[in-house]
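Undergrad: Below is the file data-v3.cif, which contains mmCIF, C-alpha atoms and all ligand atoms.
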data_protein
loop_
_atom_site.group_PDB
_atom_site.id
_atom_site.type_symbol
_atom_site.label_atom_id
_atom_site.label_comp_id
_atom_site.auth_asym_id
_atom_site.auth_seq_id
_atom_site.Cartn_x
_atom_site.Cartn_y
_atom_site.Cartn_z
ATOM 1 C CA MET N 18 0.000 0.000 0.000
ATOM 2 C CA ILE N 19 1.111 3.540 -0.525
ATOM 3 C CA VAL N 20 0.803 5.239 2.745
ATOM 4 C CA GLY N 21 0.028 8.789 3.686
ATOM 5 C CA HIS N 22 0.499 8.107 7.336
ATOM 6 C CA ARG N 23 -1.305 4.907 8.102
ATOM 7 C CA ARG N 24 -0.839 4.599 11.783
ATOM 8 C CA GLY N 25 -1.083 6.913 14.714
ATOM 9 C CA ARG N 26 -1.990 10.439 15.469
ATOM 10 C CA LEU N 27 -0.135 12.109 12.639
ATOM 11 C CA ARG N 28 -2.673 11.247 9.975
ATOM 12 C CA PRO N 29 -5.209 14.006 10.730
ATOM 13 C CA VAL N 30 -2.449 16.566 11.281
ATOM 14 C CA LEU N 31 -0.782 15.786 7.967
ATOM 15 C CA ALA N 32 -4.092 15.596 6.106
ATOM 16 C CA THR N 33 -4.886 19.097 7.388
ATOM 17 C CA ALA N 34 -1.427 20.341 6.411
ATOM 18 C CA PHE N 35 -1.911 18.869 2.950
ATOM 19 C CA LEU N 36 -5.258 20.624 2.473
ATOM 20 C CA LEU N 37 -3.877 23.942 3.736
ATOM 21 C CA ALA N 38 -0.927 23.678 1.363
ATOM 22 C CA MET N 39 -3.244 22.979 -1.571
ATOM 23 C CA VAL N 40 -5.520 25.884 -0.620
ATOM 24 C CA ALA N 41 -2.490 28.160 -0.382
ATOM 25 C CA GLY N 42 -1.292 27.004 -3.782
ATOM 26 C CA CYS N 43 1.827 25.417 -2.274
ATOM 27 C CA SER N 44 1.565 22.080 -4.042
ATOM 28 C CA ASP N 45 5.319 22.197 -4.707
ATOM 29 C CA ASP N 46 5.849 21.860 -0.952
ATOM 30 C CA VAL N 47 3.620 18.809 -0.898
ATOM 31 C CA ALA N 48 5.474 17.281 -3.844
ATOM 32 C CA ALA N 49 8.758 17.929 -2.059
ATOM 33 C CA ARG N 50 7.724 15.865 0.956
ATOM 34 C CA PRO N 51 9.376 12.496 1.389
ATOM 35 C CA GLY N 52 7.427 9.624 -0.192
ATOM 36 C CA ARG N 53 6.854 6.297 1.518
ATOM 37 C CA PHE N 54 5.667 2.859 0.481
ATOM 38 C CA ALA N 55 4.840 0.352 3.223
ATOM 39 C CA SER N 56 4.858 -3.290 2.173
ATOM 40 C CA PRO N 57 2.222 -5.697 3.523
ATOM 41 C CA ASP N 58 2.878 -7.520 6.783
ATOM 42 C CA PRO N 59 4.788 -9.149 8.389
ATOM 43 C CA GLY N 60 6.049 -6.037 10.010
ATOM 44 C CA SER N 61 5.077 -3.761 7.111
ATOM 45 C CA VAL N 62 8.484 -2.550 5.911
ATOM 46 C CA ASN N 63 9.031 0.987 4.577
ATOM 47 C CA THR N 64 10.935 2.304 1.626
ATOM 48 C CA HIS N 65 11.284 6.103 1.532
ATOM 49 C CA TRP N 66 12.159 8.467 -1.301
ATOM 50 C CA ILE N 67 13.351 12.073 -1.230
ATOM 51 C CA ARG N 68 13.395 14.626 -4.034
ATOM 52 C CA ALA N 69 16.990 15.801 -4.598
ATOM 53 C CA PRO N 70 18.537 18.185 -7.145
ATOM 54 C CA GLU N 71 19.711 15.270 -9.324
ATOM 55 C CA GLY N 72 16.688 12.967 -8.924
ATOM 56 C CA LEU N 73 15.242 10.817 -6.169
ATOM 57 C CA VAL N 74 17.162 9.298 -3.289
ATOM 58 C CA VAL N 75 15.582 6.009 -2.167
ATOM 59 C CA ILE N 76 16.155 4.654 1.337
ATOM 60 C CA ASP N 77 15.953 0.879 1.830
ATOM 61 C CA THR N 78 14.636 -1.717 -0.581
ATOM 62 C CA LEU N 79 12.043 -3.900 1.251
ATOM 63 C CA ARG N 80 12.029 -7.638 1.893
ATOM 64 C CA THR N 81 11.311 -9.213 -1.481
ATOM 65 C CA PRO N 82 11.559 -8.306 -5.183
ATOM 66 C CA ALA N 83 7.742 -8.537 -5.365
ATOM 67 C CA ASP N 84 7.355 -5.902 -2.616
ATOM 68 C CA ALA N 85 10.033 -3.804 -4.302
ATOM 69 C CA GLU N 86 8.188 -3.929 -7.656
ATOM 70 C CA ARG N 87 5.099 -2.427 -6.041
ATOM 71 C CA ALA N 88 7.152 0.362 -4.501
ATOM 72 C CA ILE N 89 8.938 0.953 -7.814
ATOM 73 C CA ALA N 90 5.548 1.405 -9.531
ATOM 74 C CA GLU N 91 4.705 4.154 -7.007
ATOM 75 C CA ILE N 92 8.120 5.787 -7.362
ATOM 76 C CA ARG N 93 7.762 5.868 -11.169
ATOM 77 C CA LYS N 94 4.545 7.886 -10.767
ATOM 78 C CA THR N 95 6.672 10.806 -9.534
ATOM 79 C CA GLY N 96 8.159 11.058 -13.030
ATOM 80 C CA GLU N 97 11.588 11.640 -11.462
ATOM 81 C CA PRO N 98 14.654 9.493 -12.110
ATOM 82 C CA VAL N 99 16.150 7.621 -9.168
ATOM 83 C CA ALA N 100 19.668 8.923 -8.605
ATOM 84 C CA ALA N 101 20.793 6.906 -5.588
ATOM 85 C CA ILE N 102 19.743 4.167 -3.185
ATOM 86 C CA LEU N 103 20.838 4.131 0.480
ATOM 87 C CA LEU N 104 20.750 1.130 2.825
ATOM 88 C CA THR N 105 20.301 1.515 6.580
ATOM 89 C CA HIS N 106 21.292 -1.974 7.721
ATOM 90 C CA SER N 107 21.759 -5.535 6.572
ATOM 91 C CA HIS N 108 18.574 -7.168 7.880
ATOM 92 C CA PRO N 109 16.732 -9.197 5.219
ATOM 93 C CA ASP N 110 13.577 -7.053 5.274
ATOM 94 C CA HIS N 111 15.563 -3.982 4.138
ATOM 95 C CA VAL N 112 17.874 -5.458 1.509
ATOM 96 C CA GLY N 113 15.973 -8.366 -0.120
ATOM 97 C CA GLY N 114 14.480 -6.032 -2.754
ATOM 98 C CA ALA N 115 17.835 -4.461 -3.692
ATOM 99 C CA GLY N 116 18.113 -6.555 -6.870
ATOM 100 C CA ALA N 117 14.692 -5.413 -8.103
ATOM 101 C CA PHE N 118 15.618 -1.760 -7.446
ATOM 102 C CA HIS N 119 18.946 -2.254 -9.207
ATOM 103 C CA ARG N 120 17.256 -3.726 -12.289
ATOM 104 C CA ALA N 121 14.656 -0.939 -12.361
ATOM 105 C CA PHE N 122 17.177 1.879 -11.827
ATOM 106 C CA PRO N 123 20.548 0.559 -13.036
ATOM 107 C CA GLN N 124 22.002 4.079 -13.128
ATOM 108 C CA ALA N 125 21.450 4.545 -9.373
ATOM 109 C CA PRO N 126 24.343 3.365 -7.194
ATOM 110 C CA ILE N 127 23.435 1.429 -4.041
ATOM 111 C CA HIS N 128 25.257 3.049 -1.108
ATOM 112 C CA ALA N 129 25.981 1.491 2.284
ATOM 113 C CA SER N 130 28.422 2.102 5.098
ATOM 114 C CA ARG N 131 31.477 -0.113 5.174
ATOM 115 C CA SER N 132 30.165 -1.997 8.189
ATOM 116 C CA THR N 133 26.747 -2.629 6.615
ATOM 117 C CA ALA N 134 28.360 -3.792 3.362
ATOM 118 C CA ARG N 135 30.559 -6.147 5.375
ATOM 119 C CA ALA N 136 27.604 -7.455 7.410
ATOM 120 C CA MET N 137 25.787 -8.223 4.139
ATOM 121 C CA ARG N 138 28.834 -9.992 2.679
ATOM 122 C CA GLU N 139 29.556 -12.073 5.754
ATOM 123 C CA ASP N 140 26.005 -12.701 7.066
ATOM 124 C CA GLU N 141 27.506 -14.103 10.249
ATOM 125 C CA ARG N 142 24.144 -14.974 11.771
ATOM 126 C CA GLY N 143 22.908 -16.758 8.652
ATOM 127 C CA PHE N 144 19.926 -14.408 8.292
ATOM 128 C CA TYR N 145 19.702 -14.631 4.491
ATOM 129 C CA PRO N 146 19.319 -18.432 4.214
ATOM 130 C CA LEU N 147 16.860 -18.198 7.126
ATOM 131 C CA ALA N 148 14.848 -15.482 5.358
ATOM 132 C CA HIS N 149 14.819 -17.521 2.140
ATOM 133 C CA SER N 150 13.652 -20.667 3.927
ATOM 134 C CA ALA N 151 10.875 -18.725 5.714
ATOM 135 C CA ASN N 152 9.759 -16.936 2.532
ATOM 136 C CA ALA N 153 10.555 -18.385 -0.901
ATOM 137 C CA ASN N 154 10.158 -14.885 -2.368
ATOM 138 C CA PHE N 155 13.275 -13.734 -0.527
ATOM 139 C CA PRO N 156 16.014 -13.858 -3.186
ATOM 140 C CA ALA N 157 18.450 -16.778 -3.143
ATOM 141 C CA GLU N 158 21.152 -14.380 -4.393
ATOM 142 C CA LEU N 159 21.489 -11.026 -2.698
ATOM 143 C CA THR N 160 22.364 -7.811 -4.569
ATOM 144 C CA HIS N 161 25.137 -5.998 -2.718
ATOM 145 C CA PRO N 162 25.961 -2.282 -2.436
ATOM 146 C CA ASP N 163 28.219 -0.970 -5.175
ATOM 147 C CA ARG N 164 29.350 2.155 -3.266
ATOM 148 C CA THR N 165 30.578 2.101 0.311
ATOM 149 C CA PHE N 166 31.463 5.029 2.559
ATOM 150 C CA ASP N 167 33.389 5.136 5.833
ATOM 151 C CA ASP N 168 31.289 4.662 8.970
ATOM 152 C CA ASN N 169 30.158 8.081 10.315
ATOM 153 C CA ALA N 170 31.389 9.921 7.210
ATOM 154 C CA PRO N 171 29.316 12.688 5.625
ATOM 155 C CA LEU N 172 27.674 11.652 2.365
ATOM 156 C CA HIS N 173 26.936 13.800 -0.689
ATOM 157 C CA VAL N 174 24.537 12.090 -3.098
ATOM 158 C CA ALA N 175 22.287 13.384 -5.866
ATOM 159 C CA GLY N 176 23.102 16.958 -4.851
ATOM 160 C CA LEU N 177 22.076 16.470 -1.201
ATOM 161 C CA ASP N 178 24.238 16.469 1.920
ATOM 162 C CA PHE N 179 23.623 13.841 4.596
ATOM 163 C CA GLU N 180 25.300 13.313 7.932
ATOM 164 C CA THR N 181 25.626 9.618 8.703
ATOM 165 C CA ALA N 182 26.157 7.781 11.963
ATOM 166 C CA THR N 183 26.927 4.133 12.577
ATOM 167 C CA PHE N 184 25.549 2.407 15.675
ATOM 168 C CA VAL N 185 26.703 -1.031 16.765
ATOM 169 C CA GLY N 186 25.268 -3.717 19.007
ATOM 170 C CA GLY N 187 21.679 -2.469 18.959
ATOM 171 C CA GLU N 188 18.656 -3.622 16.937
ATOM 172 C CA SER N 189 21.171 -4.980 14.445
ATOM 173 C CA ASP N 190 24.895 -5.624 14.778
ATOM 174 C CA THR N 191 25.522 -2.447 12.811
ATOM 175 C CA ALA N 192 23.154 0.241 11.540
ATOM 176 C CA THR N 193 23.438 3.561 9.721
ATOM 177 C CA ALA N 194 21.237 6.598 10.278
ATOM 178 C CA TYR N 195 21.047 9.270 7.569
ATOM 179 C CA TYR N 196 20.334 12.832 8.676
ATOM 180 C CA ARG N 197 19.463 15.840 6.514
ATOM 181 C CA PRO N 198 20.652 18.930 8.401
ATOM 182 C CA ASP N 199 18.770 21.230 5.988
ATOM 183 C CA THR N 200 15.352 19.792 6.924
ATOM 184 C CA GLY N 201 15.886 17.932 10.222
ATOM 185 C CA ASP N 202 14.693 14.645 8.669
ATOM 186 C CA LEU N 203 16.277 11.525 10.131
ATOM 187 C CA TYR N 204 16.175 8.233 8.197
ATOM 188 C CA SER N 205 16.899 5.789 10.960
ATOM 189 C CA GLY N 206 16.075 2.290 9.698
ATOM 190 C CA ASP N 207 15.089 0.123 12.642
ATOM 191 C CA LEU N 208 16.839 2.113 15.394
ATOM 192 C CA ALA N 209 13.347 3.087 16.545
ATOM 193 C CA THR N 210 10.234 1.655 14.928
ATOM 194 C CA GLY N 211 6.556 2.195 15.494
ATOM 195 C CA GLN N 212 4.016 -0.431 16.557
ATOM 196 C CA VAL N 213 5.742 -3.624 15.483
ATOM 197 C CA THR N 214 7.097 -6.557 17.451
ATOM 198 C CA PRO N 215 10.842 -6.156 16.874
ATOM 199 C CA ALA N 216 13.329 -8.979 16.455
ATOM 200 C CA LEU N 217 15.312 -9.217 19.696
ATOM 201 C CA ILE N 218 16.856 -12.535 18.728
ATOM 202 C CA GLU N 219 20.328 -11.012 18.704
ATOM 203 C CA GLY N 220 20.016 -10.636 22.500
ATOM 204 C CA HIS N 221 21.010 -6.965 22.398
ATOM 205 C CA SER N 222 18.131 -5.300 24.215
ATOM 206 C CA CYS N 223 20.523 -3.479 26.560
ATOM 207 C CA GLY N 224 22.778 -2.545 23.636
ATOM 208 C CA TRP N 225 19.712 -1.229 21.835
ATOM 209 C CA LEU N 226 18.819 0.996 24.814
ATOM 210 C CA ARG N 227 22.371 2.364 24.744
ATOM 211 C CA VAL N 228 22.089 2.986 20.997
ATOM 212 C CA LEU N 229 18.841 4.945 21.520
ATOM 213 C CA ASP N 230 20.669 7.240 23.944
ATOM 214 C CA GLU N 231 23.523 7.668 21.447
ATOM 215 C CA LEU N 232 21.049 8.372 18.632
ATOM 216 C CA ALA N 233 19.310 11.124 20.626
ATOM 217 C CA ARG N 234 22.681 12.665 21.522
ATOM 218 C CA ARG N 235 24.063 12.433 17.989
ATOM 219 C CA PHE N 236 21.131 14.173 16.264
ATOM 220 C CA PRO N 237 19.621 16.533 18.875
ATOM 221 C CA ALA N 238 18.094 18.787 16.197
ATOM 222 C CA ALA N 239 16.286 15.949 14.384
ATOM 223 C CA THR N 240 12.620 16.768 13.930
ATOM 224 C CA THR N 241 10.881 14.046 11.916
ATOM 225 C CA MET N 242 12.100 10.484 12.149
ATOM 226 C CA HIS N 243 11.375 8.231 9.187
ATOM 227 C CA PRO N 244 11.573 4.677 10.556
ATOM 228 C CA GLY N 245 11.987 1.366 8.759
ATOM 229 C CA HIS N 246 8.579 0.242 10.032
ATOM 230 C CA GLY N 247 5.525 2.312 10.897
ATOM 231 C CA ALA N 248 4.630 5.938 10.363
ATOM 232 C CA PRO N 249 7.069 8.847 10.548
ATOM 233 C CA GLY N 250 6.809 10.940 13.682
ATOM 234 C CA PRO N 251 8.659 13.294 16.006
ATOM 235 C CA ALA N 252 12.123 11.816 16.619
ATOM 236 C CA THR N 253 11.970 12.247 20.391
ATOM 237 C CA GLU N 254 8.594 10.468 20.590
ATOM 238 C CA LEU N 255 9.640 7.497 18.464
ATOM 239 C CA ILE N 256 12.828 7.080 20.485
ATOM 240 C CA ALA N 257 10.873 7.269 23.753
ATOM 241 C CA GLU N 258 8.308 4.726 22.473
ATOM 242 C CA GLN N 259 11.037 2.268 21.478
ATOM 243 C CA ARG N 260 12.730 2.716 24.825
ATOM 244 C CA ARG N 261 9.430 1.994 26.641
ATOM 245 C CA TYR N 262 8.870 -1.200 24.628
ATOM 246 C CA LEU N 263 12.352 -2.513 25.405
ATOM 247 C CA HIS N 264 12.101 -1.701 29.120
ATOM 248 C CA ARG N 265 8.676 -3.335 29.277
ATOM 249 C CA PHE N 266 9.986 -6.467 27.555
ATOM 250 C CA ARG N 267 12.986 -6.703 29.872
ATOM 251 C CA ASP N 268 10.808 -6.092 32.940
ATOM 252 C CA LEU N 269 8.526 -8.972 31.917
ATOM 253 C CA VAL N 270 11.321 -11.433 31.145
ATOM 254 C CA GLY N 271 13.535 -10.538 34.126
ATOM 255 C CA PRO N 272 11.507 -12.341 36.834
ATOM 256 C CA ALA N 273 11.356 -15.517 34.698
ATOM 257 C CA VAL N 274 15.160 -15.837 34.737
ATOM 258 C CA ALA N 275 15.678 -14.694 38.335
ATOM 259 C CA ALA N 276 17.418 -17.127 40.696
ATOM 260 C CA ASP N 277 14.237 -17.569 42.740
ATOM 261 C CA SER N 278 11.919 -18.241 39.737
ATOM 262 C CA PRO N 279 10.487 -21.807 39.290
ATOM 263 C CA GLU N 280 13.359 -23.180 37.180
ATOM 264 C CA ALA N 281 15.856 -20.400 37.851
ATOM 265 C CA THR N 282 17.312 -19.121 34.550
ATOM 266 C CA THR N 283 15.281 -21.577 32.450
ATOM 267 C CA ILE N 284 12.071 -19.993 31.170
ATOM 268 C CA THR N 285 9.203 -22.448 31.710
ATOM 269 C CA THR N 286 6.325 -22.901 29.271
ATOM 270 C CA ALA N 287 3.983 -21.280 31.794
ATOM 271 C CA GLU N 288 6.301 -18.282 32.241
ATOM 272 C CA GLU N 289 6.587 -17.872 28.481
ATOM 273 C CA ALA N 290 2.802 -18.051 28.020
ATOM 274 C CA SER N 291 2.240 -15.466 30.722
ATOM 275 C CA ILE N 292 4.811 -13.051 29.218
ATOM 276 C CA ILE N 293 3.227 -13.423 25.768
ATOM 277 C CA ALA N 294 -0.273 -12.820 27.186
ATOM 278 C CA GLU N 295 0.891 -9.740 29.062
ATOM 279 C CA LEU N 296 2.611 -8.327 25.948
ATOM 280 C CA GLU N 297 -0.521 -8.921 23.889
ATOM 281 C CA ARG N 298 -2.524 -7.071 26.509
ATOM 282 C CA THR N 299 -0.240 -4.020 26.697
ATOM 283 C CA HIS N 300 0.948 -4.005 23.058
ATOM 284 C CA PRO N 301 -1.932 -5.235 20.878
ATOM 285 C CA ASP N 302 -1.703 -4.890 17.089
ATOM 286 C CA HIS N 303 2.100 -5.199 16.982
ATOM 287 C CA PRO N 304 2.704 -7.501 13.996
ATOM 288 C CA PRO N 305 6.014 -9.390 13.962
ATOM 289 C CA VAL N 306 8.741 -7.620 12.067
ATOM 290 C CA ALA N 307 10.329 -10.804 10.735
ATOM 291 C CA ASP N 308 9.065 -13.769 8.763
ATOM 292 C CA LEU N 309 9.953 -16.055 11.659
ATOM 293 C CA PRO N 310 7.535 -18.397 13.381
ATOM 294 C CA ASP N 311 7.068 -17.637 17.086
ATOM 295 C CA LEU N 312 9.109 -14.444 16.994
ATOM 296 C CA VAL N 313 7.950 -13.379 20.460
ATOM 297 C CA ALA N 314 8.983 -16.717 21.992
ATOM 298 C CA ALA N 315 12.387 -16.453 20.277
ATOM 299 C CA ASN N 316 12.717 -12.882 21.611
ATOM 300 C CA ILE N 317 11.890 -14.063 25.136
ATOM 301 C CA ARG N 318 14.570 -16.776 24.984
ATOM 302 C CA ALA N 319 17.189 -14.375 23.618
ATOM 303 C CA VAL N 320 16.470 -11.594 26.134
ATOM 304 C CA GLY N 321 16.264 -14.205 28.939
ATOM 305 C CA GLY N 322 19.776 -15.358 28.026
ATOM 306 C CA GLU N 323 20.949 -11.766 27.922
ATOM 307 C CA LEU N 324 19.409 -10.847 31.303
ATOM 308 C CA SER N 325 20.733 -13.937 33.065
ATOM 309 C CA THR N 326 24.319 -12.967 32.219
ATOM 310 C CA GLU N 327 24.358 -9.152 32.206
ATOM 311 C CA ASP N 328 25.254 -6.741 34.987
ATOM 312 C CA PRO N 329 21.949 -4.841 35.398
ATOM 313 C CA THR N 330 23.739 -1.722 36.612
ATOM 314 C CA THR N 331 25.361 -1.263 33.192
ATOM 315 C CA CYS N 332 22.096 -0.861 31.289
ATOM 316 C CA PRO N 333 20.515 2.586 30.766
HETATM 317 ZN ZN ZN B 1 13.285 -4.094 9.710
#
Using the file provided, produce a representation of the structure as C-alpha cells.
TA:
Amino acid sequence: MIVGHRRGRLRPVLATAFLLAMVAGCSDDVAARPGRFASPDPGSVNTHWIRAPEGLVVIDTLRTPADAERAIAEIRKTGEPVAAILLTHSHPDHVGGAGAFHRAFPQAPIHASRSTARAMREDERGFYPLAHSANANFPAELTHPDRTFDDNAPLHVAGLDFETATFVGGESDTATAYYRPDTGDLYSGDLATGQVTPALIEGHSCGWLRVLDELARRFPAATTMHPGHGAPGPATELIAEQRRYLHRFRDLVGPAVAADSPEATTITTAEEASIIAELERTHPDHPPVADLPDLVAANIRAVGGELSTEDPTTCP
C-alpha cells in the first residue's frame, strides 16, 4: 500500500497540512515531501524516497523483489529518475528487494556504510538463508551495495548532503542513520520503529537501549524520524516509544530468569505463556517484524539469556 500516514496520530495533522498547502497554492511543498511505500505484513516494511537536485534518493529496498516492484511502480509515478539508493542496515527485510531496485534503476548506485556492506557480505548470523527458507520470495542471491562510505562519514549524493552515523550492538549488529541537516529529517532504519514486534533474537536489548541514547545525543536537532517500520513521527517520541517497549519487555522477562523463579534461569512454558499474554494485553496490534515463526517466543529466549548474564547496573 502507498501510505500517507497509516498509523497513529499524525494522519489528521498531515491531512490538514496537505489541504492547507493545496488551498495556499503550495503544491510544490507537498510534492517535495518524502514519499513512503509500506509493504504488507509481516512487520510492514518501509521504503522512503526524497526529491533531490539530481533525482530521487531512495532509502531501503524492502524484503522481497515482489514488494520492491510495487514500490517501484509508485516511485515511477513521480516522473523523477532515481539517482541513488541508500541502505540503513543488513537485515533481510531492508535489503531483499535491492536486486529489483537495481534492475529498475541501473544508473542509481546502491550506497551502504562499510560496516553494513561487510555485514551483508559475511552474514555471520545466517539471516539470508533463514529469510529464504521462511519466505521463498526472498532472493536466493542477494544484490550488494556498489558504493561504500566510511562509517560516520558525511555523504553527498544526488546533490544532497547527509550526515551519517553508525551504531553497533543495537537492533542490528551495525546500523546507519542518515540525517538531513537542511530539513531535520532523520532516516533511521530500525533504530526506533513504530508499533511492530521487533526482532530481539540477537540478545542486544541493553545494547539497543544504549544505541537509543547515542542516537538522541548524535542528532539533537532531528525533527521528523522516518523509521523502517511504521509511520514517521517526532524523533523524540519514536525514540521514547522504542525505549518503553524494550524496558517493558525486559521487565517482563527478568523475573522468569531470576534465581528464585520456578526453574531459575530456564524460562518455563507457563512463564513464556504469561509473558506473551501480558505483551498482547499491553501491546496489541504489533505484527512481527520478521518472517519467523514464534518471533515473540524467540525474543523471550534471547532476552532471557541476555538478562541472566548481564550486569543490570550497566544498562541505561
Ligand atoms: Zn526491519
Undergrad: Selected by the PyMOL selection byres (((not hetatm)) within 7 of (chain B and resi 1)) in the shown coordinates: which residues, as a VMD selection string?
TA: chain N and resid 62 108 110 to 111 206 to 207 245 to 246 306
Undergrad: Calculate how many Å separate atom CA of Asp178 of chain N from atom CA of Arg131 of chain N, rounding to one decimal.
TA: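 Rounded to one decimal, the two atoms are 18.4 Å apart.
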Undergrad: I'd like to see the residues matched by the PyMOL selection byres (((chain N and resi 82) around 6) and not hetatm) on this file, and ideally I'd get them as a PyMOL selection string.
TA: chain N and resi 81+83-85+114+117
Undergrad: Could you jot down the atom CA of Thr214 of chain N to atom CA of Val270 of chain N separation for me, Å, one decimal place?
TA: 15.1 Å
Undergrad: Could you check how far atom CA of His303 of chain N sits from atom CA of Val213 of chain N, in Å to one decimal?
TA: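 It comes out at 4.2 Å.
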Undergrad: Find the spatial neighbours of Thr331 of chain N, counting all atoms listed in the file, within a cut-off of 9 Å - ignore same-chain residues fewer than 3 positions away - and output them as a list in words.
TA: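 Final neighbour list, sorted by chain and number: Cys223, Glu327 and Asp328 of chain N.
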Undergrad: Could the residues in this selection be saved with C-alpha atoms as a PDB file, in the coordinates of the input?
TA:
ATOM      1  CA  CYS N 223      20.523  -3.479  26.560  1.00  0.00           C
ATOM      2  CA  GLU N 327      24.358  -9.152  32.206  1.00  0.00           C
ATOM      3  CA  ASP N 328      25.254  -6.741  34.987  1.00  0.00           C
TER       4      ASP N 328
END
Undergrad: Generate the missing atoms of segment 286-303 of chain N up to N, CA, C and O atoms and report them as an mmCIF file, keeping the file's coordinate frame.
TA:
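rebuild.cif was written with the following content:
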data_model
loop_
_atom_site.group_PDB
_atom_site.id
_atom_site.type_symbol
_atom_site.label_atom_id
_atom_site.label_comp_id
_atom_site.auth_asym_id
_atom_site.auth_seq_id
_atom_site.Cartn_x
_atom_site.Cartn_y
_atom_site.Cartn_z
ATOM 1 N N THR N 286 7.411 -23.122 30.231
ATOM 2 C CA THR N 286 6.325 -22.901 29.271
ATOM 3 C C THR N 286 5.278 -21.955 29.859
ATOM 4 O O THR N 286 4.755 -21.081 29.161
ATOM 5 N N ALA N 287 4.993 -22.138 31.155
ATOM 6 C CA ALA N 287 3.983 -21.280 31.794
ATOM 7 C C ALA N 287 4.479 -19.833 31.862
ATOM 8 O O ALA N 287 3.709 -18.889 31.621
ATOM 9 N N GLU N 288 5.759 -19.655 32.183
ATOM 10 C CA GLU N 288 6.301 -18.282 32.241
ATOM 11 C C GLU N 288 6.241 -17.629 30.854
ATOM 12 O O GLU N 288 5.851 -16.472 30.720
ATOM 13 N N GLU N 289 6.611 -18.417 29.844
ATOM 14 C CA GLU N 289 6.587 -17.872 28.481
ATOM 15 C C GLU N 289 5.170 -17.469 28.095
ATOM 16 O O GLU N 289 4.947 -16.365 27.559
ATOM 17 N N ALA N 290 4.199 -18.342 28.376
ATOM 18 C CA ALA N 290 2.802 -18.051 28.020
ATOM 19 C C ALA N 290 2.320 -16.799 28.732
ATOM 20 O O ALA N 290 1.605 -15.971 28.151
ATOM 21 N N SER N 291 2.728 -16.630 29.987
ATOM 22 C CA SER N 291 2.240 -15.466 30.722
ATOM 23 C C SER N 291 2.882 -14.177 30.207
ATOM 24 O O SER N 291 2.236 -13.136 30.126
ATOM 25 N N ILE N 292 4.150 -14.245 29.795
ATOM 26 C CA ILE N 292 4.811 -13.051 29.218
ATOM 27 C C ILE N 292 4.129 -12.669 27.901
ATOM 28 O O ILE N 292 3.826 -11.495 27.650
ATOM 29 N N ILE N 293 3.857 -13.693 27.067
ATOM 30 C CA ILE N 293 3.227 -13.423 25.768
ATOM 31 C C ILE N 293 1.842 -12.798 25.973
ATOM 32 O O ILE N 293 1.480 -11.809 25.323
ATOM 33 N N ALA N 294 1.077 -13.350 26.931
ATOM 34 C CA ALA N 294 -0.273 -12.820 27.186
ATOM 35 C C ALA N 294 -0.199 -11.377 27.667
ATOM 36 O O ALA N 294 -0.990 -10.521 27.245
ATOM 37 N N GLU N 295 0.762 -11.095 28.526
ATOM 38 C CA GLU N 295 0.891 -9.740 29.062
ATOM 39 C C GLU N 295 1.295 -8.755 27.952
ATOM 40 O O GLU N 295 0.784 -7.635 27.873
ATOM 41 N N LEU N 296 2.213 -9.190 27.068
ATOM 42 C CA LEU N 296 2.611 -8.327 25.948
ATOM 43 C C LEU N 296 1.437 -8.059 25.019
ATOM 44 O O LEU N 296 1.252 -6.943 24.525
ATOM 45 N N GLU N 297 0.638 -9.102 24.781
ATOM 46 C CA GLU N 297 -0.521 -8.921 23.889
ATOM 47 C C GLU N 297 -1.527 -7.962 24.510
ATOM 48 O O GLU N 297 -2.214 -7.228 23.807
ATOM 49 N N ARG N 298 -1.588 -7.970 25.840
ATOM 50 C CA ARG N 298 -2.524 -7.071 26.509
ATOM 51 C C ARG N 298 -2.029 -5.618 26.413
ATOM 52 O O ARG N 298 -2.801 -4.718 26.099
ATOM 53 N N THR N 299 -0.735 -5.403 26.656
ATOM 54 C CA THR N 299 -0.240 -4.020 26.697
ATOM 55 C C THR N 299 0.189 -3.509 25.317
ATOM 56 O O THR N 299 0.253 -2.309 25.110
ATOM 57 N N HIS N 300 0.515 -4.429 24.394
ATOM 58 C CA HIS N 300 0.948 -4.005 23.058
ATOM 59 C C HIS N 300 0.175 -4.772 21.976
ATOM 60 O O HIS N 300 0.756 -5.556 21.235
ATOM 61 N N PRO N 301 -1.162 -4.544 21.918
ATOM 62 C CA PRO N 301 -1.932 -5.235 20.878
ATOM 63 C C PRO N 301 -1.590 -4.647 19.505
ATOM 64 O O PRO N 301 -1.033 -3.546 19.424
ATOM 65 N N ASP N 302 -1.905 -5.391 18.455
ATOM 66 C CA ASP N 302 -1.703 -4.890 17.089
ATOM 67 C C ASP N 302 -0.240 -4.507 16.846
ATOM 68 O O ASP N 302 0.066 -3.437 16.332
ATOM 69 N N HIS N 303 0.669 -5.381 17.260
ATOM 70 C CA HIS N 303 2.100 -5.199 16.982
ATOM 71 C C HIS N 303 2.568 -6.385 16.140
ATOM 72 O O HIS N 303 3.111 -7.352 16.679
#
